[in-house]
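So this one's protein_17.cif, mmCIF, C-alpha atoms and all ligand atoms:
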```cif
data_entry
#
loop_
_atom_site.label_atom_id
_atom_site.label_comp_id
_atom_site.auth_asym_id
_atom_site.auth_seq_id
_atom_site.Cartn_x
_atom_site.Cartn_y
_atom_site.Cartn_z
CA MET A 1 -154.37 -68.78 -14.17
CA LYS A 2 -153.46 -72.15 -12.65
CA ILE A 3 -151.92 -71.84 -9.18
CA ALA A 4 -150.33 -74.44 -6.92
CA ILE A 5 -150.66 -74.25 -3.13
CA VAL A 6 -147.94 -76.13 -1.28
CA GLY A 7 -148.54 -77.19 2.35
CA LEU A 8 -152.06 -77.87 3.61
CA GLY A 9 -151.43 -78.10 7.35
CA TYR A 10 -152.86 -75.47 9.70
CA TRP A 11 -152.68 -72.31 7.54
CA GLY A 12 -152.73 -73.64 3.97
CA PRO A 13 -156.48 -74.51 4.04
CA ASN A 14 -157.29 -70.81 4.67
CA LEU A 15 -155.34 -69.83 1.56
CA LEU A 16 -157.01 -72.66 -0.35
CA ARG A 17 -160.54 -71.61 0.69
CA ASN A 18 -159.93 -68.05 -0.48
CA LEU A 19 -158.18 -69.07 -3.69
CA VAL A 20 -160.96 -71.50 -4.64
CA ALA A 21 -163.50 -68.72 -4.00
CA LEU A 22 -161.54 -66.36 -6.27
CA GLN A 23 -160.45 -68.69 -9.04
CA GLY A 24 -162.63 -71.79 -8.91
CA PRO A 25 -161.32 -75.26 -7.96
CA GLU A 26 -160.37 -76.26 -11.51
CA SER A 27 -157.47 -73.78 -11.53
CA VAL A 28 -155.97 -74.80 -8.19
CA VAL A 29 -153.47 -77.61 -7.66
CA ILE A 30 -152.55 -78.71 -4.16
CA VAL A 31 -149.16 -80.06 -3.18
CA GLU A 32 -148.87 -81.74 0.20
CA LYS A 33 -146.36 -84.37 1.21
CA SER A 34 -148.67 -85.97 3.77
CA PRO A 35 -151.14 -88.39 2.09
CA ALA A 36 -153.40 -88.10 5.17
CA ARG A 37 -153.67 -84.32 4.72
CA ILE A 38 -154.36 -84.78 1.00
CA ALA A 39 -157.15 -87.23 1.81
CA ALA A 40 -158.68 -84.78 4.30
CA ILE A 41 -158.60 -81.89 1.79
CA ALA A 42 -159.87 -84.07 -1.06
CA THR A 43 -163.07 -84.89 0.85
CA GLN A 44 -163.78 -81.16 1.06
CA TYR A 45 -162.70 -80.30 -2.51
CA PRO A 46 -163.11 -83.48 -4.58
CA SER A 47 -162.37 -81.79 -7.92
CA LEU A 48 -158.91 -80.43 -6.97
CA THR A 49 -155.77 -81.82 -8.57
CA CYS A 50 -153.46 -83.16 -5.84
CA SER A 51 -149.78 -84.08 -5.76
CA THR A 52 -147.16 -84.93 -3.18
CA SER A 53 -144.31 -83.27 -5.11
CA LEU A 54 -143.77 -79.64 -6.11
CA GLU A 55 -141.11 -80.77 -8.58
CA GLN A 56 -143.73 -82.79 -10.45
CA VAL A 57 -146.26 -79.94 -10.44
CA LEU A 58 -143.66 -77.52 -11.83
CA GLU A 59 -143.51 -79.72 -14.94
CA ASP A 60 -147.07 -78.60 -15.72
CA GLU A 61 -146.54 -75.47 -17.85
CA GLU A 62 -150.06 -74.24 -17.12
CA VAL A 63 -149.11 -73.63 -13.48
CA GLU A 64 -148.07 -69.97 -13.45
CA ALA A 65 -147.72 -69.28 -9.74
CA VAL A 66 -146.93 -71.09 -6.51
CA ILE A 67 -148.14 -70.30 -2.99
CA LEU A 68 -146.04 -71.73 -0.17
CA ALA A 69 -147.61 -72.49 3.21
CA THR A 70 -145.01 -74.94 4.44
CA PRO A 71 -142.82 -74.67 7.57
CA VAL A 72 -140.44 -71.69 7.57
CA SER A 73 -137.33 -73.88 7.31
CA THR A 74 -138.54 -75.05 3.85
CA HIS A 75 -139.45 -71.62 2.40
CA ALA A 76 -136.15 -70.73 0.70
CA GLU A 77 -135.61 -74.10 -0.95
CA LEU A 78 -139.17 -74.35 -2.30
CA ALA A 79 -139.34 -70.67 -3.33
CA LEU A 80 -136.04 -70.98 -5.22
CA ALA A 81 -137.27 -74.12 -6.98
CA ALA A 82 -140.46 -72.36 -8.11
CA LEU A 83 -138.68 -69.14 -9.15
CA ARG A 84 -135.96 -71.01 -11.05
CA ALA A 85 -138.77 -72.79 -12.90
CA GLY A 86 -140.11 -69.35 -13.89
CA ARG A 87 -143.11 -69.20 -11.53
CA HIS A 88 -144.35 -66.23 -9.52
CA VAL A 89 -144.28 -66.95 -5.78
CA LEU A 90 -146.32 -65.97 -2.75
CA VAL A 91 -144.51 -67.31 0.29
CA GLU A 92 -145.99 -67.33 3.76
CA LYS A 93 -144.36 -65.18 6.41
CA PRO A 94 -141.55 -64.95 7.27
CA LEU A 95 -139.87 -65.03 3.85
CA ALA A 96 -137.09 -67.38 4.99
CA ALA A 97 -135.35 -68.73 8.08
CA SER A 98 -132.23 -66.55 7.66
CA VAL A 99 -131.13 -63.31 6.01
CA ALA A 100 -128.80 -65.21 3.68
CA ASP A 101 -131.68 -67.39 2.43
CA ALA A 102 -134.01 -64.40 2.09
CA VAL A 103 -131.44 -62.48 0.02
CA ALA A 104 -131.00 -65.48 -2.30
CA VAL A 105 -134.78 -65.68 -2.88
CA VAL A 106 -135.16 -61.92 -3.47
CA GLU A 107 -132.24 -61.85 -5.91
CA CYS A 108 -133.55 -64.89 -7.78
CA ALA A 109 -136.99 -63.24 -8.24
CA GLU A 110 -135.49 -59.89 -9.30
CA GLU A 111 -133.08 -61.49 -11.79
CA ARG A 112 -136.04 -63.21 -13.46
CA ASN A 113 -138.47 -60.28 -13.11
CA LEU A 114 -140.94 -62.54 -11.30
CA VAL A 115 -143.39 -61.50 -8.60
CA LEU A 116 -142.22 -62.44 -5.13
CA MET A 117 -144.69 -61.58 -2.41
CA VAL A 118 -144.62 -62.47 1.28
CA GLY A 119 -147.81 -63.39 3.14
CA HIS A 120 -147.68 -60.58 5.68
CA THR A 121 -151.46 -60.88 5.96
CA PHE A 122 -152.00 -57.93 8.29
CA LEU A 123 -150.83 -55.52 5.59
CA PHE A 124 -154.05 -56.45 3.80
CA SER A 125 -156.28 -56.10 6.84
CA PRO A 126 -158.81 -53.25 6.47
CA ARG A 127 -157.99 -52.41 10.10
CA VAL A 128 -154.31 -51.85 9.34
CA GLU A 129 -155.22 -50.06 6.10
CA LEU A 130 -157.38 -47.67 8.13
CA MET A 131 -154.54 -47.05 10.58
CA ALA A 132 -152.23 -46.31 7.63
CA GLN A 133 -154.74 -43.71 6.38
CA TYR A 134 -154.82 -41.96 9.78
CA LEU A 135 -151.03 -41.89 9.83
CA ALA A 136 -150.79 -40.62 6.26
CA ASP A 137 -153.25 -37.77 6.77
CA GLY A 138 -151.28 -36.55 9.79
CA SER A 139 -154.14 -37.03 12.30
CA LEU A 140 -151.79 -38.46 14.90
CA GLY A 141 -149.04 -35.92 14.34
CA ARG A 142 -145.46 -37.03 14.83
CA ILE A 143 -145.24 -40.60 16.15
CA GLN A 144 -143.32 -40.75 19.42
CA TYR A 145 -143.38 -44.46 20.18
CA ALA A 146 -145.30 -47.68 19.60
CA THR A 147 -146.05 -50.86 21.50
CA SER A 148 -147.29 -54.18 20.15
CA SER A 149 -148.29 -57.33 22.03
CA ARG A 150 -149.12 -60.72 20.56
CA LEU A 151 -149.67 -63.24 23.31
CA ASN A 152 -151.45 -66.59 23.60
CA LEU A 153 -150.93 -70.19 24.64
CA GLY A 154 -149.05 -71.89 21.75
CA LEU A 155 -149.08 -72.92 19.02
CA HIS A 156 -145.45 -73.98 19.47
CA GLN A 157 -143.72 -74.45 16.11
CA ARG A 158 -141.13 -77.17 15.67
CA ASP A 159 -138.64 -75.33 13.48
CA ILE A 160 -138.75 -71.74 14.81
CA GLY A 161 -139.10 -69.78 18.06
CA VAL A 162 -141.79 -67.30 19.01
CA ILE A 163 -139.96 -64.29 17.52
CA TRP A 164 -139.96 -65.75 14.00
CA ASP A 165 -143.55 -66.94 14.35
CA LEU A 166 -145.38 -64.06 16.07
CA ALA A 167 -143.11 -61.00 15.98
CA SER A 168 -143.01 -61.30 12.18
CA HIS A 169 -146.62 -59.97 12.31
CA ASP A 170 -145.83 -57.06 14.65
CA PHE A 171 -142.70 -56.14 12.70
CA SER A 172 -144.56 -56.15 9.38
CA ILE A 173 -147.40 -54.01 10.79
CA LEU A 174 -145.02 -51.49 12.37
CA PHE A 175 -142.62 -51.27 9.42
CA HIS A 176 -145.56 -50.77 7.05
CA LEU A 177 -147.27 -48.14 9.21
CA LEU A 178 -144.11 -46.24 10.11
CA GLY A 179 -142.62 -46.54 6.62
CA GLU A 180 -139.22 -47.49 8.02
CA SER A 181 -137.43 -50.46 9.52
CA PRO A 182 -135.28 -50.45 12.66
CA VAL A 183 -131.56 -49.87 12.93
CA LEU A 184 -131.17 -51.31 16.43
CA VAL A 185 -132.86 -54.15 18.25
CA GLN A 186 -132.56 -55.50 21.77
CA THR A 187 -134.25 -58.65 23.04
CA ALA A 188 -134.78 -60.23 26.42
CA GLY A 189 -136.50 -63.59 26.37
CA ARG A 190 -136.78 -67.11 27.76
CA GLY A 191 -136.92 -70.56 26.30
CA VAL A 192 -139.07 -72.37 28.82
CA VAL A 193 -140.61 -75.38 27.07
CA ARG A 194 -137.55 -75.94 24.87
CA LYS A 195 -134.37 -74.35 26.18
CA ASP A 196 -132.88 -73.82 22.70
CA ASN A 197 -135.64 -71.54 21.46
CA LEU A 198 -137.82 -68.77 22.76
CA ASP A 199 -141.40 -69.05 24.06
CA VAL A 200 -141.52 -65.48 25.28
CA ALA A 201 -139.64 -62.37 24.14
CA PHE A 202 -139.60 -58.66 24.87
CA ILE A 203 -138.07 -56.77 21.96
CA THR A 204 -137.14 -53.08 21.73
CA LEU A 205 -136.73 -51.55 18.28
CA THR A 206 -135.10 -48.21 17.47
CA PHE A 207 -136.07 -46.68 14.11
CA PRO A 208 -133.94 -44.23 12.09
CA SER A 209 -136.43 -41.42 12.85
CA GLY A 210 -135.90 -41.99 16.58
CA ILE A 211 -139.25 -43.74 17.09
CA LEU A 212 -139.00 -46.46 19.73
CA ALA A 213 -141.17 -49.57 19.64
CA SER A 214 -141.62 -52.33 22.15
CA VAL A 215 -142.87 -55.71 20.90
CA ASP A 216 -143.92 -58.47 23.32
CA VAL A 217 -144.61 -61.94 22.00
CA SER A 218 -145.44 -65.13 23.87
CA TRP A 219 -146.60 -68.70 23.37
CA LEU A 220 -147.00 -68.96 27.14
CA ALA A 221 -149.79 -66.58 28.07
CA PRO A 222 -153.15 -67.35 29.68
CA ARG A 223 -155.14 -64.93 27.52
CA LYS A 224 -154.97 -64.08 23.85
CA VAL A 225 -153.81 -60.48 23.25
CA ARG A 226 -153.45 -58.71 19.89
CA ASN A 227 -152.78 -55.10 20.66
CA THR A 228 -150.85 -52.31 18.95
CA VAL A 229 -150.64 -48.74 20.24
CA LEU A 230 -149.22 -45.75 18.36
CA VAL A 231 -148.67 -42.56 20.29
CA GLY A 232 -148.44 -39.37 18.28
CA ASN A 233 -147.90 -35.84 19.50
CA ARG A 234 -151.48 -34.95 18.44
CA GLN A 235 -153.52 -38.11 18.91
CA MET A 236 -153.07 -41.72 19.95
CA MET A 237 -154.33 -44.87 18.24
CA VAL A 238 -155.13 -48.28 19.69
CA TYR A 239 -155.59 -51.36 17.50
CA ASP A 240 -157.10 -54.35 19.26
CA ASP A 241 -157.60 -57.08 16.69
CA LEU A 242 -159.80 -59.08 19.09
CA ASP A 243 -162.28 -56.22 19.52
CA ASN A 244 -164.74 -56.60 16.66
CA GLU A 245 -166.90 -53.70 17.90
CA GLY A 246 -164.10 -51.17 17.71
CA PRO A 247 -160.81 -52.67 16.54
CA VAL A 248 -159.28 -49.24 15.86
CA ARG A 249 -159.80 -46.37 18.29
CA ILE A 250 -158.39 -42.88 17.99
CA TYR A 251 -157.89 -41.00 21.26
CA ASP A 252 -157.70 -37.22 21.08
CA LYS A 253 -155.40 -37.08 24.08
CA GLY A 254 -151.99 -35.67 24.72
CA VAL A 255 -149.67 -33.67 26.87
CA VAL A 256 -149.28 -29.96 26.20
CA MET A 257 -146.13 -28.15 27.25
CA PRO A 258 -146.43 -24.54 26.04
CA ASP A 259 -143.30 -22.41 25.77
CA PRO A 260 -142.84 -20.67 29.14
CA GLU A 261 -143.96 -17.03 29.13
CA ASN A 262 -141.70 -16.13 32.04
CA PHE A 263 -138.28 -17.47 32.93
CA GLY A 264 -138.68 -20.78 34.76
CA GLU A 265 -142.44 -21.05 34.28
CA HIS A 266 -143.37 -24.45 32.81
CA GLN A 267 -147.03 -25.36 32.69
CA LEU A 268 -147.63 -28.91 31.64
CA THR A 269 -151.27 -29.82 30.92
CA TYR A 270 -153.01 -33.00 29.84
CA ARG A 271 -155.47 -32.79 26.99
CA HIS A 272 -158.48 -35.14 27.12
CA GLY A 273 -160.69 -35.06 24.03
CA ASP A 274 -163.04 -37.38 22.17
CA MET A 275 -162.48 -41.00 21.36
CA LEU A 276 -163.34 -41.97 17.78
CA VAL A 277 -164.28 -45.52 16.75
CA PRO A 278 -164.31 -45.47 12.93
CA PHE A 279 -166.17 -48.05 10.85
CA VAL A 280 -163.86 -50.70 9.45
CA SER A 281 -164.76 -52.90 6.51
CA PRO A 282 -165.11 -56.59 7.47
CA ARG A 283 -163.34 -57.80 4.29
CA GLU A 284 -161.11 -60.82 4.89
CA PRO A 285 -157.40 -59.88 4.74
CA LEU A 286 -156.40 -63.15 3.06
CA ALA A 287 -158.84 -62.58 0.18
CA GLN A 288 -157.35 -59.11 -0.31
CA GLU A 289 -153.82 -60.50 -0.13
CA LEU A 290 -154.54 -63.09 -2.83
CA CYS A 291 -156.25 -60.51 -5.07
CA HIS A 292 -153.18 -58.30 -4.73
CA PHE A 293 -150.90 -61.20 -5.64
CA LEU A 294 -152.96 -61.92 -8.78
CA ASP A 295 -153.03 -58.21 -9.66
CA CYS A 296 -149.24 -58.00 -9.29
CA ILE A 297 -148.84 -60.96 -11.64
CA ASN A 298 -151.29 -59.53 -14.18
CA GLY A 299 -149.68 -56.11 -13.95
CA ALA A 300 -153.04 -54.80 -12.73
CA ALA A 301 -151.91 -53.58 -9.29
CA SER A 302 -152.26 -49.82 -9.15
CA LEU A 303 -149.43 -49.55 -6.61
CA PRO A 304 -146.18 -51.53 -6.26
CA CYS A 305 -146.43 -54.90 -4.52
CA ARG A 306 -147.27 -54.03 -0.91
CA SER A 307 -145.48 -56.95 0.65
CA ASP A 308 -142.73 -57.64 -1.84
CA GLY A 309 -139.55 -59.65 -1.35
CA ARG A 310 -137.56 -56.64 -0.17
CA PHE A 311 -140.18 -55.82 2.46
CA GLY A 312 -140.06 -59.48 3.56
CA LEU A 313 -136.27 -59.25 3.69
CA ARG A 314 -136.43 -56.18 5.99
CA VAL A 315 -138.62 -58.22 8.34
CA VAL A 316 -136.20 -61.18 8.25
CA GLU A 317 -133.21 -58.86 8.92
CA ALA A 318 -134.94 -57.56 12.06
CA LEU A 319 -136.05 -61.06 13.16
CA GLU A 320 -132.53 -62.41 12.82
CA ALA A 321 -131.07 -59.42 14.70
CA ALA A 322 -133.69 -59.82 17.46
CA GLU A 323 -132.82 -63.48 17.93
CA ARG A 324 -129.08 -62.71 17.89
CA SER A 325 -129.58 -60.07 20.56
CA TRP A 326 -131.20 -62.71 22.79
CA ARG A 327 -128.51 -65.33 22.10
CA GLU A 328 -125.54 -62.95 22.48
CA GLY A 329 -127.00 -60.39 24.86
CA GLY A 330 -127.00 -56.66 24.26
CA GLN A 331 -128.13 -54.42 21.46
CA VAL A 332 -127.65 -55.54 17.85
CA ALA A 333 -127.51 -53.33 14.77
CA VAL A 334 -129.89 -54.41 12.02
CA GLU A 335 -127.82 -54.74 8.87
CA SER A 336 -129.42 -53.77 5.58
CA THR A 337 -128.29 -56.52 3.21
CA LEU A 338 -129.42 -55.42 -0.25
CA PRO A 339 -128.91 -51.91 -1.59
CA ASP A 340 -131.97 -49.81 -2.34
CA PRO A 341 -133.00 -50.65 -5.95
CA SER A 342 -133.14 -46.94 -6.81
CA SER A 343 -129.38 -46.81 -6.19
CA SER A 344 -128.73 -49.90 -8.33
CA PRO A 345 -130.28 -49.36 -11.77
CA ASP A 346 -129.39 -52.91 -12.91
CA LEU A 347 -132.08 -54.40 -10.70
CA VAL A 348 -135.43 -54.72 -12.38
CA ARG A 349 -138.30 -54.05 -10.02
CA ARG A 350 -141.93 -54.86 -10.72
N1 LIG B 401 -150.15 -65.30 7.67
C1 LIG B 401 -150.55 -65.83 8.80
O1 LIG B 401 -151.32 -65.21 9.57
C2 LIG B 401 -150.09 -67.19 9.18
C3 LIG B 401 -150.72 -67.92 10.21
C4 LIG B 401 -150.24 -69.18 10.50
C5 LIG B 401 -149.14 -69.73 9.82
N2 LIG B 401 -148.56 -68.97 8.85
C6 LIG B 401 -147.39 -69.48 8.11
O2 LIG B 401 -147.81 -70.56 7.30
C7 LIG B 401 -146.73 -71.50 7.13
C8 LIG B 401 -147.21 -72.89 7.52
O3 LIG B 401 -147.56 -72.89 8.88
P1 LIG B 401 -148.54 -74.01 9.46
O4 LIG B 401 -148.81 -73.63 10.87
O5 LIG B 401 -149.68 -74.24 8.54
O6 LIG B 401 -147.59 -75.30 9.42
P2 LIG B 401 -148.04 -76.82 9.47
O7 LIG B 401 -146.84 -77.59 9.94
O8 LIG B 401 -149.34 -76.98 10.19
O9 LIG B 401 -148.32 -77.19 7.94
C9 LIG B 401 -147.30 -77.27 6.99
C10 LIG B 401 -147.70 -78.33 5.96
O10 LIG B 401 -146.73 -78.35 4.93
C11 LIG B 401 -146.50 -79.70 4.53
N3 LIG B 401 -145.19 -79.75 3.88
C12 LIG B 401 -143.97 -79.57 4.46
N4 LIG B 401 -143.00 -79.64 3.52
C13 LIG B 401 -143.60 -79.88 2.34
C14 LIG B 401 -143.13 -80.08 1.01
N5 LIG B 401 -141.82 -80.03 0.71
N6 LIG B 401 -144.05 -80.33 0.04
C15 LIG B 401 -145.36 -80.39 0.31
N7 LIG B 401 -145.87 -80.23 1.57
C16 LIG B 401 -145.00 -79.97 2.56
C17 LIG B 401 -146.60 -80.49 5.81
O11 LIG B 401 -146.90 -81.85 5.56
C18 LIG B 401 -147.75 -79.77 6.53
O12 LIG B 401 -149.00 -80.35 6.22
C19 LIG B 401 -145.59 -70.95 8.01
O13 LIG B 401 -144.73 -70.21 7.20
C20 LIG B 401 -146.29 -70.04 8.99
O14 LIG B 401 -145.45 -69.01 9.48
C21 LIG B 401 -149.01 -67.74 8.51
#
```
Write-out of the structure in structure tokens:
Amino acid sequence: MKIAIVGLGYWGPNLLRNLVALQGPESVVIVEKSPARIAAIATQYPSLTCSTSLEQVLEDEEVEAVILATPVSTHAELALAALRAGRHVLVEKPLAASVADAVAVVECAEERNLVLMVGHTFLFSPRVELMAQYLADGSLGRIQYATSSRLNLGLHQRDIGVIWDLASHDFSILFHLLGESPVLVQTAGRGVVRKDNLDVAFITLTFPSGILASVDVSWLAPRKVRNTVLVGNRQMMVYDDLDNEGPVRIYDKGVVMPDPENFGEHQLTYRHGDMLVPFVSPREPLAQELCHFLDCINGAASLPCRSDGRFGLRVVEALEAAERSWREGGQVAVESTLPDPSSSPDLVRR
């Protein structure tokens, strides 16, 4: 299958490296509007076909799929162009720069029965997969709340603020693990370097089940932090993506409040048990993500697309609500923009 990768700036070369390893260079076409970037990539992969225009590449009927790694503000326009030309699309996160744009892309893919996948890379991380297993088998019990922090110095993006850049990761991880997306969001934040957009944000999410999550993101932090904590009523789980020795740790800890035996007698006790550091496969998430995209196209995926357009849309709905909460102040309801496909039989879902 011939695949085009559009955008070879910071992130695109990682997709390219993995795609070339999977497919071989002869089936990859690169599209990059900067001739200097093309020249840099061509020295590394001399046999790749290069172009400065997606439009031109879409004329090649052998190109069956397009991967977009361009700035977020360009996602909707380029994804729509590829989908309208009948190509399957993997678009980097977040799906689009607004809910309206994301809905248009999802509807376009569904109308044409094409694969639309969003590059929420962490969903393909063996570390997050392991966490999902622990949640599914009930080890943690009922989840009470979650926290997630993604802090570092930069990289400031020109077209989006820190919520759209970094919180898109935390949102995708939490929505995937919890199996639900929030109904309410509240954000406090500051635009320090550029007043019109955020460098640091503290976001509170309320999920339909009552689970609360706090997400902190910053481009203005002295140390890199990648930390997610899930607290269940049986056990607690810590995911530190920078800790290669033990990225996922399960703590058998909790608070026990037995029913009082006598009127007025409450005995609260803390339970301190073992800490488990399970083995996690070192497989690269991006390689898994690309394999899943190819499997979805070939109809070989055993499960539905893990990071499909509708999942990407849920993330964009929450991102937009989080930014609106900061701009307008107060709590904002997260609107669900497309009906569930099971309630609308006309929509074809892969
Ligand atoms: N999944 C992840 O973990 C992850 C990590 C980093 C970035 N990203 C995402 O990757 C995307 C790109 O981010 P980046 O940091 O690489 O940006 P970047 O600005 O470094 O690179 C974007 C590249 O796209 C090119 N480009 C822009 N418009 C184009 C067009 N119409 N045709 C061809 N080329 C075009 C630019 O010349 C540039 O080289 C963003 O959506 C970002 O959110 C994802």
Pick out the residues no farther than 7 Å from ligand LIG 401 (chain B), counting all atoms listed in the file, and list them as a PyMOL selection string.
chain A and resi 6-12+31-34+37+52-54+69-72+74+78+92-94+119-121+165
Restrict the selected residues to C-alpha atoms and save them as an mmCIF file, in the coordinates of the input.
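Output saved as out34.cif:
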```cif
data_model
loop_
_atom_site.group_PDB
_atom_site.id
_atom_site.type_symbol
_atom_site.label_atom_id
_atom_site.label_comp_id
_atom_site.auth_asym_id
_atom_site.auth_seq_id
_atom_site.Cartn_x
_atom_site.Cartn_y
_atom_site.Cartn_z
ATOM 1 C CA VAL A 6 -147.940 -76.130 -1.280
ATOM 2 C CA GLY A 7 -148.540 -77.190 2.350
ATOM 3 C CA LEU A 8 -152.060 -77.870 3.610
ATOM 4 C CA GLY A 9 -151.430 -78.100 7.350
ATOM 5 C CA TYR A 10 -152.860 -75.470 9.700
ATOM 6 C CA TRP A 11 -152.680 -72.310 7.540
ATOM 7 C CA GLY A 12 -152.730 -73.640 3.970
ATOM 8 C CA VAL A 31 -149.160 -80.060 -3.180
ATOM 9 C CA GLU A 32 -148.870 -81.740 0.200
ATOM 10 C CA LYS A 33 -146.360 -84.370 1.210
ATOM 11 C CA SER A 34 -148.670 -85.970 3.770
ATOM 12 C CA ARG A 37 -153.670 -84.320 4.720
ATOM 13 C CA THR A 52 -147.160 -84.930 -3.180
ATOM 14 C CA SER A 53 -144.310 -83.270 -5.110
ATOM 15 C CA LEU A 54 -143.770 -79.640 -6.110
ATOM 16 C CA ALA A 69 -147.610 -72.490 3.210
ATOM 17 C CA THR A 70 -145.010 -74.940 4.440
ATOM 18 C CA PRO A 71 -142.820 -74.670 7.570
ATOM 19 C CA VAL A 72 -140.440 -71.690 7.570
ATOM 20 C CA THR A 74 -138.540 -75.050 3.850
ATOM 21 C CA LEU A 78 -139.170 -74.350 -2.300
ATOM 22 C CA GLU A 92 -145.990 -67.330 3.760
ATOM 23 C CA LYS A 93 -144.360 -65.180 6.410
ATOM 24 C CA PRO A 94 -141.550 -64.950 7.270
ATOM 25 C CA GLY A 119 -147.810 -63.390 3.140
ATOM 26 C CA HIS A 120 -147.680 -60.580 5.680
ATOM 27 C CA THR A 121 -151.460 -60.880 5.960
ATOM 28 C CA ASP A 165 -143.550 -66.940 14.350
#
```
Neighbours of Phe279 (chain A) within 12 Å (all atoms listed in the file; same-chain residues fewer than 2 positions away dropped), as a tab-separated table (two decimals) with C-alpha atoms, in the coordinates of the input?
```
chain	number	residue	atom	x	y	z
A	126	PRO	CA	-158.81	-53.25	6.47
A	127	ARG	CA	-157.99	-52.41	10.10
A	130	LEU	CA	-157.38	-47.67	8.13
A	131	MET	CA	-154.54	-47.05	10.58
A	244	ASN	CA	-164.74	-56.60	16.66
A	245	GLU	CA	-166.90	-53.70	17.90
A	246	GLY	CA	-164.10	-51.17	17.71
A	247	PRO	CA	-160.81	-52.67	16.54
A	248	VAL	CA	-159.28	-49.24	15.86
A	249	ARG	CA	-159.80	-46.37	18.29
A	250	ILE	CA	-158.39	-42.88	17.99
A	276	LEU	CA	-163.34	-41.97	17.78
A	277	VAL	CA	-164.28	-45.52	16.75
A	281	SER	CA	-164.76	-52.90	6.51
A	282	PRO	CA	-165.11	-56.59	7.47
```
Produce a table with one row for each residue of region 150-249 of chain A that has an atom at most 8 Å from any atom of region 303-322 of chain A, each row naming the nearest atom pair and its distance in Å at one decimal; use only C-alpha atoms; arrange rows by chain and rising residue number; format as a Markdown table.
```
| residue | atom | partner | partner_atom | distance |
| --- | --- | --- | --- | --- |
| A:Ile163 | CA | A:Leu319 | CA | 6.7 |
| A:Trp164 | CA | A:Leu319 | CA | 6.2 |
| A:Ala167 | CA | A:Leu319 | CA | 7.6 |
| A:Ser168 | CA | A:Val315 | CA | 6.6 |
| A:Phe171 | CA | A:Val315 | CA | 6.3 |
| A:Ser172 | CA | A:Val315 | CA | 6.4 |
| A:Ser181 | CA | A:Arg314 | CA | 6.8 |
| A:Pro182 | CA | A:Ala318 | CA | 7.1 |
| A:Val185 | CA | A:Ala322 | CA | 5.8 |
| A:Gln186 | CA | A:Ala322 | CA | 6.2 |
| A:Thr187 | CA | A:Ala322 | CA | 5.7 |
| A:Ile203 | CA | A:Ala322 | CA | 7.0 |
```
Long-range neighbours of region 193-195 of chain A as a PyMOL selection string, 10 Å cut-off, all atoms listed in the file, 6 positions minimum in chain
chain A and resi 156+158+161+219-220
Between A:Val91, A:Val229, A:Cys50, A:Leu83, which residue has the minimum interatomic distance to Glu110 (chain A), considering all atoms listed in the file?
A:Leu83
List as a ChimeraX atom specification the protein and nucleic acid residues near Leu22 (chain A), meaning an atom at most 12 Å away when all atoms listed in the file are counted, but skip any in the same chain fewer than 5 places from it.
/A:1-3,15-17,27-28,286-294
For the atom pair CA of Ile41 (chain A) and CA of Leu153 (chain A), what is the interatomic distance in Å to one decimal place?
26.8 Å
Nearest residue to Leu177 (chain A) from the set A:Gln133, A:Leu90, A:Arg226, A:Trp326 (distances using all atoms listed in the file)
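Between A:Gln133, A:Leu90, A:Arg226, A:Trp326, the residue approaching Leu177 (chain A) most closely is A:Gln133.
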What does the distance from CA of Ile297 (chain A) to CA of His88 (chain A) come to in Å, to one decimal?
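Interatomic distance here is 7.2 Å.
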Report the distance between CA of Asp196 (chain A) and CA of Val334 (chain A) in Å, rounded to one decimal place.
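Straight-line distance from CA of Asp196 (chain A) to CA of Val334 (chain A) works out to 22.4 Å.
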Might you pull out every residue within 8 Å of Val183 (chain A), with only C-alpha atoms counted and same-chain residues fewer than 6 positions away left off, and present them as number ranges by chain?
A: 205-208, 333-335
Would you export the selected residues with C-alpha atoms as a PDB file, in the frame of the given file, please?
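Generated file (part_13.pdb):
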```pdb
ATOM      1  CA  LEU A 205    -136.730 -51.550  18.280  1.00  0.00           C
ATOM      2  CA  THR A 206    -135.100 -48.210  17.470  1.00  0.00           C
ATOM      3  CA  PHE A 207    -136.070 -46.680  14.110  1.00  0.00           C
ATOM      4  CA  PRO A 208    -133.940 -44.230  12.090  1.00  0.00           C
ATOM      5  CA  ALA A 333    -127.510 -53.330  14.770  1.00  0.00           C
ATOM      6  CA  VAL A 334    -129.890 -54.410  12.020  1.00  0.00           C
ATOM      7  CA  GLU A 335    -127.820 -54.740   8.870  1.00  0.00           C
TER       8      GLU A 335
END
```
When distances are computed from all atoms listed in the file, which of A:Asp241, A:Glu180, A:Asp101, A:Glu111 shows the smallest separation from Arg150 (chain A)?
A:Asp241
Given all atoms listed in the file as the counted atoms, nearest of A:Ser149, A:Met257, A:Arg190, A:Leu80 to Val225 (chain A)
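Of all the options, A:Ser149 lies closest to Val225 (chain A).
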Among the residues A:Ser51, A:Asn298, A:Ser125, A:Asn227, the one that comes closest to Leu242 (chain A) [using all atoms listed in the file]
A:Asn227
